[in-house]
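Q: Okay, so here is upload.txt, and as you'll see once you scroll down, it has compact mmCIF, N, CA and C atoms.
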```txt
# COMPACT_ATOMS: atom_id res chain seq x y z
N MET A 1 48.53 21.65 -2.94
CA MET A 1 47.95 20.40 -2.53
C MET A 1 46.72 20.63 -1.66
N GLY A 2 46.77 21.66 -0.78
CA GLY A 2 45.65 21.98 0.10
C GLY A 2 44.42 22.40 -0.69
N ASN A 3 44.59 23.24 -1.73
CA ASN A 3 43.48 23.67 -2.56
C ASN A 3 42.90 22.50 -3.36
N MET A 4 43.73 21.62 -3.82
CA MET A 4 43.28 20.45 -4.57
C MET A 4 42.40 19.56 -3.69
N LEU A 5 42.78 19.35 -2.44
CA LEU A 5 42.01 18.55 -1.50
C LEU A 5 40.65 19.19 -1.24
N LYS A 6 40.62 20.52 -1.09
CA LYS A 6 39.36 21.24 -0.89
C LYS A 6 38.45 21.07 -2.10
N ARG A 7 38.99 21.18 -3.32
CA ARG A 7 38.19 21.02 -4.53
C ARG A 7 37.62 19.61 -4.63
N LEU A 8 38.42 18.61 -4.32
CA LEU A 8 37.94 17.23 -4.37
C LEU A 8 36.84 17.00 -3.34
N SER A 9 36.95 17.62 -2.18
CA SER A 9 35.92 17.49 -1.15
C SER A 9 34.62 18.09 -1.63
N VAL A 10 34.67 19.26 -2.24
CA VAL A 10 33.47 19.92 -2.76
C VAL A 10 32.84 19.09 -3.87
N ILE A 11 33.66 18.56 -4.79
CA ILE A 11 33.17 17.73 -5.89
C ILE A 11 32.53 16.46 -5.31
N GLY A 12 33.15 15.84 -4.32
CA GLY A 12 32.60 14.64 -3.69
C GLY A 12 31.26 14.92 -3.03
N ALA A 13 31.15 16.05 -2.32
CA ALA A 13 29.89 16.41 -1.67
C ALA A 13 28.80 16.65 -2.71
N ALA A 14 29.12 17.29 -3.81
CA ALA A 14 28.14 17.54 -4.87
C ALA A 14 27.67 16.21 -5.47
N ALA A 15 28.59 15.28 -5.68
CA ALA A 15 28.21 13.97 -6.23
C ALA A 15 27.27 13.23 -5.29
N VAL A 16 27.52 13.30 -4.00
CA VAL A 16 26.64 12.67 -3.01
C VAL A 16 25.27 13.32 -3.05
N ALA A 17 25.20 14.64 -3.16
CA ALA A 17 23.92 15.35 -3.22
C ALA A 17 23.13 14.94 -4.46
N ILE A 18 23.80 14.82 -5.59
CA ILE A 18 23.12 14.42 -6.83
C ILE A 18 22.62 12.99 -6.70
N PHE A 19 23.42 12.08 -6.15
CA PHE A 19 22.99 10.69 -5.96
C PHE A 19 21.79 10.63 -5.04
N ALA A 20 21.79 11.38 -3.94
CA ALA A 20 20.67 11.38 -3.00
C ALA A 20 19.41 11.87 -3.68
N THR A 21 19.51 12.89 -4.49
CA THR A 21 18.35 13.41 -5.21
C THR A 21 17.80 12.37 -6.17
N THR A 22 18.67 11.70 -6.89
CA THR A 22 18.24 10.68 -7.82
C THR A 22 17.54 9.54 -7.09
N THR A 23 18.07 9.13 -5.96
CA THR A 23 17.45 8.06 -5.18
C THR A 23 16.05 8.44 -4.75
N VAL A 24 15.85 9.64 -4.25
CA VAL A 24 14.52 10.09 -3.81
C VAL A 24 13.57 10.12 -4.99
N THR A 25 14.02 10.61 -6.14
CA THR A 25 13.16 10.67 -7.31
C THR A 25 12.71 9.28 -7.72
N ASN A 26 13.63 8.32 -7.74
CA ASN A 26 13.25 6.96 -8.11
C ASN A 26 12.27 6.36 -7.11
N ALA A 27 12.47 6.61 -5.82
CA ALA A 27 11.57 6.07 -4.80
C ALA A 27 10.18 6.64 -4.94
N SER A 28 10.06 7.92 -5.32
CA SER A 28 8.75 8.52 -5.42
C SER A 28 7.96 7.96 -6.60
N ALA A 29 8.61 7.30 -7.53
CA ALA A 29 7.93 6.74 -8.68
C ALA A 29 7.70 5.24 -8.52
N ALA A 30 7.88 4.71 -7.32
CA ALA A 30 7.76 3.28 -7.09
C ALA A 30 6.32 2.81 -7.32
N SER A 31 6.20 1.55 -7.69
CA SER A 31 4.89 0.95 -7.87
C SER A 31 4.96 -0.51 -7.46
N GLY A 32 3.81 -1.14 -7.39
CA GLY A 32 3.76 -2.54 -7.01
C GLY A 32 2.32 -3.00 -6.90
N GLY A 33 2.16 -4.19 -6.40
CA GLY A 33 0.82 -4.74 -6.25
C GLY A 33 0.79 -5.81 -5.20
N ALA A 34 -0.41 -6.10 -4.73
CA ALA A 34 -0.62 -7.15 -3.75
C ALA A 34 -1.98 -7.77 -4.01
N ALA A 35 -2.09 -9.08 -3.81
CA ALA A 35 -3.35 -9.78 -4.06
C ALA A 35 -3.41 -11.04 -3.22
N CYS A 36 -4.61 -11.44 -2.86
CA CYS A 36 -4.78 -12.73 -2.19
C CYS A 36 -6.23 -13.19 -2.33
N SER A 37 -6.43 -14.47 -2.06
CA SER A 37 -7.75 -15.09 -2.13
C SER A 37 -7.96 -15.97 -0.93
N VAL A 38 -9.19 -16.06 -0.51
CA VAL A 38 -9.62 -16.93 0.57
C VAL A 38 -10.95 -17.52 0.10
N THR A 39 -11.34 -18.67 0.61
CA THR A 39 -12.59 -19.27 0.19
C THR A 39 -13.73 -18.27 0.36
N GLY A 40 -14.31 -17.84 -0.76
CA GLY A 40 -15.43 -16.91 -0.73
C GLY A 40 -15.10 -15.50 -1.17
N ALA A 41 -13.81 -15.16 -1.32
CA ALA A 41 -13.45 -13.80 -1.74
C ALA A 41 -12.05 -13.77 -2.33
N SER A 42 -11.87 -12.88 -3.29
CA SER A 42 -10.53 -12.61 -3.82
C SER A 42 -10.44 -11.13 -4.12
N GLY A 43 -9.20 -10.61 -4.09
CA GLY A 43 -9.03 -9.19 -4.34
C GLY A 43 -7.60 -8.82 -4.62
N SER A 44 -7.43 -7.60 -5.12
CA SER A 44 -6.12 -7.14 -5.53
C SER A 44 -6.06 -5.62 -5.44
N MET A 45 -4.85 -5.09 -5.20
CA MET A 45 -4.60 -3.66 -5.25
C MET A 45 -3.31 -3.43 -6.02
N THR A 46 -3.33 -2.39 -6.85
CA THR A 46 -2.15 -1.94 -7.57
C THR A 46 -1.76 -0.58 -7.00
N PHE A 47 -0.46 -0.40 -6.74
CA PHE A 47 0.04 0.82 -6.11
C PHE A 47 0.94 1.57 -7.09
N THR A 48 0.69 2.88 -7.26
CA THR A 48 1.52 3.72 -8.12
C THR A 48 1.87 5.01 -7.39
N ASN A 49 2.92 5.66 -7.85
CA ASN A 49 3.40 6.92 -7.24
C ASN A 49 3.63 6.74 -5.74
N TRP A 50 4.17 5.60 -5.37
CA TRP A 50 4.37 5.25 -3.96
C TRP A 50 5.60 5.95 -3.40
N SER A 51 5.38 6.73 -2.35
CA SER A 51 6.48 7.38 -1.62
C SER A 51 6.26 7.11 -0.13
N ASP A 52 7.08 7.70 0.72
CA ASP A 52 6.91 7.52 2.16
C ASP A 52 5.59 8.09 2.68
N SER A 53 5.02 9.05 1.95
CA SER A 53 3.86 9.75 2.49
C SER A 53 2.63 9.72 1.59
N TYR A 54 2.68 9.01 0.45
CA TYR A 54 1.55 9.04 -0.47
C TYR A 54 1.61 7.82 -1.39
N VAL A 55 0.42 7.30 -1.75
CA VAL A 55 0.34 6.24 -2.75
C VAL A 55 -1.03 6.29 -3.43
N ASN A 56 -1.04 6.11 -4.75
CA ASN A 56 -2.30 5.94 -5.49
C ASN A 56 -2.64 4.46 -5.47
N ILE A 57 -3.93 4.17 -5.33
CA ILE A 57 -4.39 2.78 -5.19
C ILE A 57 -5.51 2.51 -6.18
N SER A 58 -5.42 1.40 -6.88
CA SER A 58 -6.47 0.90 -7.75
C SER A 58 -6.73 -0.53 -7.31
N GLY A 59 -7.99 -0.87 -7.06
CA GLY A 59 -8.24 -2.22 -6.55
C GLY A 59 -9.60 -2.77 -6.90
N TRP A 60 -9.77 -4.04 -6.53
CA TRP A 60 -11.05 -4.71 -6.72
C TRP A 60 -11.18 -5.84 -5.70
N VAL A 61 -12.42 -6.20 -5.42
CA VAL A 61 -12.72 -7.36 -4.58
C VAL A 61 -13.91 -8.09 -5.21
N LYS A 62 -13.86 -9.41 -5.18
CA LYS A 62 -14.92 -10.22 -5.78
C LYS A 62 -15.44 -11.24 -4.78
N ASP A 63 -16.76 -11.33 -4.71
CA ASP A 63 -17.42 -12.37 -3.90
C ASP A 63 -17.42 -13.63 -4.75
N THR A 64 -16.82 -14.72 -4.23
CA THR A 64 -16.67 -15.94 -5.04
C THR A 64 -17.45 -17.14 -4.51
N ALA A 65 -18.41 -16.91 -3.61
CA ALA A 65 -19.18 -18.04 -3.08
C ALA A 65 -20.60 -17.61 -2.71
N ALA A 66 -21.55 -18.48 -2.98
CA ALA A 66 -22.93 -18.26 -2.58
C ALA A 66 -23.08 -18.81 -1.16
N ASP A 67 -22.50 -18.10 -0.19
CA ASP A 67 -22.45 -18.60 1.18
C ASP A 67 -23.19 -17.71 2.19
N GLY A 68 -23.89 -16.69 1.70
CA GLY A 68 -24.61 -15.80 2.60
C GLY A 68 -23.74 -14.74 3.26
N HIS A 69 -22.45 -14.71 2.96
CA HIS A 69 -21.53 -13.70 3.49
C HIS A 69 -21.18 -12.72 2.36
N HIS A 70 -20.54 -11.62 2.71
CA HIS A 70 -20.10 -10.68 1.68
C HIS A 70 -18.57 -10.57 1.70
N ALA A 71 -18.03 -10.00 0.62
CA ALA A 71 -16.59 -9.84 0.48
C ALA A 71 -16.21 -8.40 0.81
N ALA A 72 -14.98 -8.23 1.30
CA ALA A 72 -14.49 -6.89 1.62
C ALA A 72 -12.98 -6.84 1.39
N ILE A 73 -12.49 -5.61 1.22
CA ILE A 73 -11.06 -5.39 0.97
C ILE A 73 -10.64 -4.11 1.67
N ARG A 74 -9.38 -4.09 2.14
CA ARG A 74 -8.85 -2.84 2.69
C ARG A 74 -7.35 -2.76 2.49
N PHE A 75 -6.87 -1.52 2.49
CA PHE A 75 -5.46 -1.18 2.39
C PHE A 75 -4.84 -1.31 3.78
N VAL A 76 -3.62 -1.84 3.84
CA VAL A 76 -2.89 -1.98 5.09
C VAL A 76 -1.50 -1.37 4.89
N SER A 77 -1.05 -0.58 5.87
CA SER A 77 0.28 0.02 5.77
C SER A 77 1.03 -0.14 7.09
N ILE A 78 2.36 -0.19 6.98
CA ILE A 78 3.22 -0.31 8.15
C ILE A 78 4.30 0.75 8.08
N ASP A 79 4.49 1.48 9.17
CA ASP A 79 5.59 2.42 9.32
C ASP A 79 6.77 1.60 9.83
N GLY A 80 7.80 1.40 9.00
CA GLY A 80 8.94 0.57 9.37
C GLY A 80 9.73 1.11 10.54
N GLY A 81 9.73 2.42 10.74
CA GLY A 81 10.48 3.01 11.83
C GLY A 81 9.87 2.75 13.19
N THR A 82 8.54 2.77 13.25
CA THR A 82 7.85 2.57 14.53
C THR A 82 7.20 1.20 14.65
N GLY A 83 7.02 0.53 13.50
CA GLY A 83 6.30 -0.74 13.51
C GLY A 83 4.79 -0.55 13.58
N TRP A 84 4.33 0.69 13.48
CA TRP A 84 2.91 0.99 13.58
C TRP A 84 2.16 0.46 12.36
N VAL A 85 1.14 -0.38 12.58
CA VAL A 85 0.31 -0.93 11.51
C VAL A 85 -0.98 -0.13 11.43
N THR A 86 -1.31 0.32 10.24
CA THR A 86 -2.58 1.02 10.02
C THR A 86 -3.45 0.17 9.13
N GLU A 87 -4.62 -0.18 9.63
CA GLU A 87 -5.61 -0.91 8.84
C GLU A 87 -6.65 0.12 8.41
N TRP A 88 -6.65 0.45 7.14
CA TRP A 88 -7.52 1.47 6.59
C TRP A 88 -8.96 0.93 6.50
N PRO A 89 -9.95 1.78 6.25
CA PRO A 89 -11.35 1.34 6.22
C PRO A 89 -11.63 0.27 5.15
N TRP A 90 -12.57 -0.60 5.47
CA TRP A 90 -13.00 -1.64 4.56
C TRP A 90 -13.82 -1.06 3.41
N ARG A 91 -13.75 -1.71 2.26
CA ARG A 91 -14.66 -1.48 1.13
C ARG A 91 -15.40 -2.80 0.95
N HIS A 92 -16.73 -2.74 0.99
CA HIS A 92 -17.57 -3.95 1.00
C HIS A 92 -18.26 -4.16 -0.34
N GLU A 93 -18.36 -5.41 -0.74
CA GLU A 93 -19.09 -5.82 -1.94
C GLU A 93 -20.30 -6.63 -1.45
N TYR A 94 -21.50 -6.07 -1.59
CA TYR A 94 -22.71 -6.69 -1.04
C TYR A 94 -23.60 -7.35 -2.09
N ASP A 95 -23.22 -7.36 -3.37
CA ASP A 95 -24.13 -7.82 -4.41
C ASP A 95 -24.14 -9.33 -4.63
N GLY A 96 -23.37 -10.09 -3.87
CA GLY A 96 -23.46 -11.54 -3.92
C GLY A 96 -22.46 -12.23 -4.83
N ASN A 97 -22.60 -13.53 -4.88
CA ASN A 97 -21.68 -14.40 -5.60
C ASN A 97 -21.46 -13.92 -7.04
N GLY A 98 -20.20 -13.76 -7.41
CA GLY A 98 -19.83 -13.35 -8.76
C GLY A 98 -19.71 -11.85 -8.94
N ALA A 99 -20.19 -11.06 -8.01
CA ALA A 99 -20.13 -9.59 -8.14
C ALA A 99 -18.74 -9.07 -7.75
N THR A 100 -18.33 -8.01 -8.43
CA THR A 100 -17.02 -7.39 -8.19
C THR A 100 -17.19 -5.91 -7.92
N LEU A 101 -16.49 -5.42 -6.93
CA LEU A 101 -16.41 -3.99 -6.62
C LEU A 101 -15.03 -3.51 -7.04
N SER A 102 -14.96 -2.49 -7.89
CA SER A 102 -13.69 -1.89 -8.31
C SER A 102 -13.65 -0.45 -7.81
N PHE A 103 -12.43 0.05 -7.55
CA PHE A 103 -12.30 1.40 -7.01
C PHE A 103 -10.91 1.95 -7.27
N THR A 104 -10.78 3.26 -7.17
CA THR A 104 -9.50 3.95 -7.15
C THR A 104 -9.53 4.94 -6.00
N THR A 105 -8.41 5.12 -5.35
CA THR A 105 -8.31 6.03 -4.22
C THR A 105 -6.83 6.35 -3.99
N TYR A 106 -6.54 6.93 -2.86
CA TYR A 106 -5.15 7.18 -2.48
C TYR A 106 -5.04 7.11 -0.97
N ALA A 107 -3.83 6.99 -0.47
CA ALA A 107 -3.57 7.02 0.97
C ALA A 107 -2.45 8.02 1.22
N SER A 108 -2.64 8.83 2.25
CA SER A 108 -1.64 9.82 2.64
C SER A 108 -1.74 9.99 4.16
N PRO A 109 -1.06 9.13 4.91
CA PRO A 109 -1.20 9.18 6.37
C PRO A 109 -0.52 10.40 6.98
N ALA A 110 -1.07 10.86 8.07
CA ALA A 110 -0.48 11.98 8.82
C ALA A 110 0.49 11.42 9.85
N GLY A 111 1.77 11.71 9.69
CA GLY A 111 2.75 11.32 10.70
C GLY A 111 3.31 9.92 10.59
N ASP A 112 2.81 9.08 9.71
CA ASP A 112 3.35 7.73 9.53
C ASP A 112 3.92 7.59 8.13
N ASP A 113 4.94 6.74 7.99
CA ASP A 113 5.51 6.47 6.68
C ASP A 113 4.85 5.24 6.08
N LEU A 114 4.77 5.20 4.76
CA LEU A 114 4.24 4.06 4.03
C LEU A 114 5.40 3.16 3.60
N ASP A 115 6.11 2.60 4.57
CA ASP A 115 7.28 1.77 4.27
C ASP A 115 6.88 0.42 3.68
N TYR A 116 5.84 -0.18 4.20
CA TYR A 116 5.32 -1.45 3.72
C TYR A 116 3.83 -1.26 3.48
N ILE A 117 3.34 -1.69 2.31
CA ILE A 117 1.93 -1.52 2.00
C ILE A 117 1.39 -2.82 1.44
N GLY A 118 0.09 -3.04 1.68
CA GLY A 118 -0.50 -4.28 1.21
C GLY A 118 -2.01 -4.24 1.21
N VAL A 119 -2.57 -5.43 1.07
CA VAL A 119 -4.02 -5.59 0.94
C VAL A 119 -4.49 -6.68 1.91
N GLN A 120 -5.68 -6.50 2.44
CA GLN A 120 -6.34 -7.55 3.22
C GLN A 120 -7.70 -7.79 2.57
N VAL A 121 -7.99 -9.05 2.27
CA VAL A 121 -9.25 -9.46 1.66
C VAL A 121 -9.95 -10.34 2.68
N ALA A 122 -11.28 -10.16 2.80
CA ALA A 122 -12.01 -10.93 3.81
C ALA A 122 -13.39 -11.34 3.35
N VAL A 123 -13.85 -12.43 3.89
CA VAL A 123 -15.25 -12.82 3.85
C VAL A 123 -15.80 -12.35 5.19
N MET A 124 -16.93 -11.61 5.14
CA MET A 124 -17.44 -11.01 6.37
C MET A 124 -18.90 -11.34 6.60
N GLU A 125 -19.26 -11.36 7.86
CA GLU A 125 -20.65 -11.46 8.29
C GLU A 125 -20.90 -10.20 9.11
N GLY A 126 -21.62 -9.26 8.50
CA GLY A 126 -21.76 -7.95 9.15
C GLY A 126 -20.39 -7.31 9.23
N GLY A 127 -19.98 -6.91 10.44
CA GLY A 127 -18.66 -6.32 10.64
C GLY A 127 -17.62 -7.30 11.15
N THR A 128 -17.96 -8.59 11.17
CA THR A 128 -17.06 -9.61 11.70
C THR A 128 -16.36 -10.36 10.57
N ILE A 129 -15.05 -10.51 10.70
CA ILE A 129 -14.28 -11.26 9.72
C ILE A 129 -14.51 -12.75 9.94
N VAL A 130 -14.94 -13.45 8.87
CA VAL A 130 -15.13 -14.90 8.91
C VAL A 130 -13.82 -15.59 8.49
N ARG A 131 -13.23 -15.13 7.39
CA ARG A 131 -11.95 -15.61 6.88
C ARG A 131 -11.25 -14.43 6.24
N SER A 132 -9.92 -14.43 6.28
CA SER A 132 -9.19 -13.35 5.61
C SER A 132 -7.80 -13.79 5.21
N CYS A 133 -7.21 -12.99 4.34
CA CYS A 133 -5.83 -13.18 3.91
C CYS A 133 -5.20 -11.80 3.74
N THR A 134 -3.88 -11.75 3.82
CA THR A 134 -3.17 -10.48 3.68
C THR A 134 -1.94 -10.72 2.81
N ASP A 135 -1.63 -9.72 1.97
CA ASP A 135 -0.45 -9.79 1.11
C ASP A 135 0.16 -8.39 1.05
N TYR A 136 1.50 -8.31 1.01
CA TYR A 136 2.19 -7.03 0.94
C TYR A 136 2.95 -6.91 -0.37
N ALA A 137 3.05 -5.66 -0.86
CA ALA A 137 3.79 -5.37 -2.10
C ALA A 137 5.28 -5.49 -1.85
```
Represent the structure contained in this file as structure tokens.
A:
Amino acid sequence: MGNMLKRLSVIGAAAVAIFATTTVTNASAASGGAACSVTGASGSMTFTNWSDSYVNISGWVKDTAADGHHAAIRFVSIDGGTGWVTEWPWRHEYDGNGATLSFTTYASPAGDDLDYIGVQVAVMEGGTIVRSCTDYA
């Protein structure tokens, strides 16, 4: 009976290890998207190969008003453990009403997890936000 209990314990531990490995593999293949619009700008980002430490990003931002302002977009991430919010650099579209900026990039923060990820779209005057919206995947 003692040997049988030991064997069941080893089998149970192996099953837990296999389940944990499968869970990590599925999480590393996660994907999603976020999009929002505000008067004068709209934008979207698609996220692939999303893990705690890396994500591929494909996005666009469009200027939707002849208002003398420009449109911008940026990636936003939150480390769920610390609550730390990272606002990544803006990408600006300066060509005016109807113009669209498309891009692909990636994010890989040092020391922070990518627990929550999203997009911020803004109408800007120089470096100042006039209007903005935010959406999370």
Q: I'd like to know which of A:Leu101, A:Ile78, A:Cys133, A:Val85 is closest to Asp113 of chain A, using only N, CA and C atoms.
A: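 Looking at the shortest contact to Asp113 of chain A, the residue is A:Ile78.
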Q: By how many Å are atom CA of Gly98 of chain A and atom N of Phe47 of chain A apart?
A: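 According to the coordinates, atom CA of Gly98 of chain A and atom N of Phe47 of chain A are separated by 23.4 Å.
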Q: Applying 6.5 Å and all atoms listed in the file, which residues near segment 80-83 of chain A remain after dropping the ones on its own chain fewer than 6 positions away? List them as number ranges by chain.
A: A: 113-116
Q: Which neighbours of segment 49-62 of chain A fall inside 8 Å, counting all atoms listed in the file, when residues of the same chain fewer than 2 positions from it are skipped, and could you give them as a PyMOL selection string?
A: chain A and resi 26-32+40-47+64-65+70-73+91-93+96-115+121
Q: At what distance in Å, to one decimal, does atom CA of Val38 of chain A lie from atom CA of Ile117 of chain A?
A: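 Answer for the atom CA of Ile117 of chain A to atom CA of Val38 of chain A separation: 19.3 Å.
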Q: Please check which residues have atoms at most 8 Å from (0.8, -8.2, 0.5) in the file's coordinates, counting only N, CA and C atoms, and write them as a PyMOL selection string.
A: chain A and resi 33-36+117-120+133-137
Q: Please compute the atom CA of Gly68 of chain A-atom CA of Pro89 of chain A distance, one decimal, in Å.
A: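 Distance reported for this atom pair: 22.0 Å.
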Q: Pick out each residue of segment 12-110 of chain A that DSSP on the backbone tags as helix (DSSP H, G or I); I need them as JSON, numbers by chain.
A: {"A": [12, 13, 14, 15, 16, 17, 18, 19, 20, 21, 22, 23, 24, 25, 26, 27, 28]}
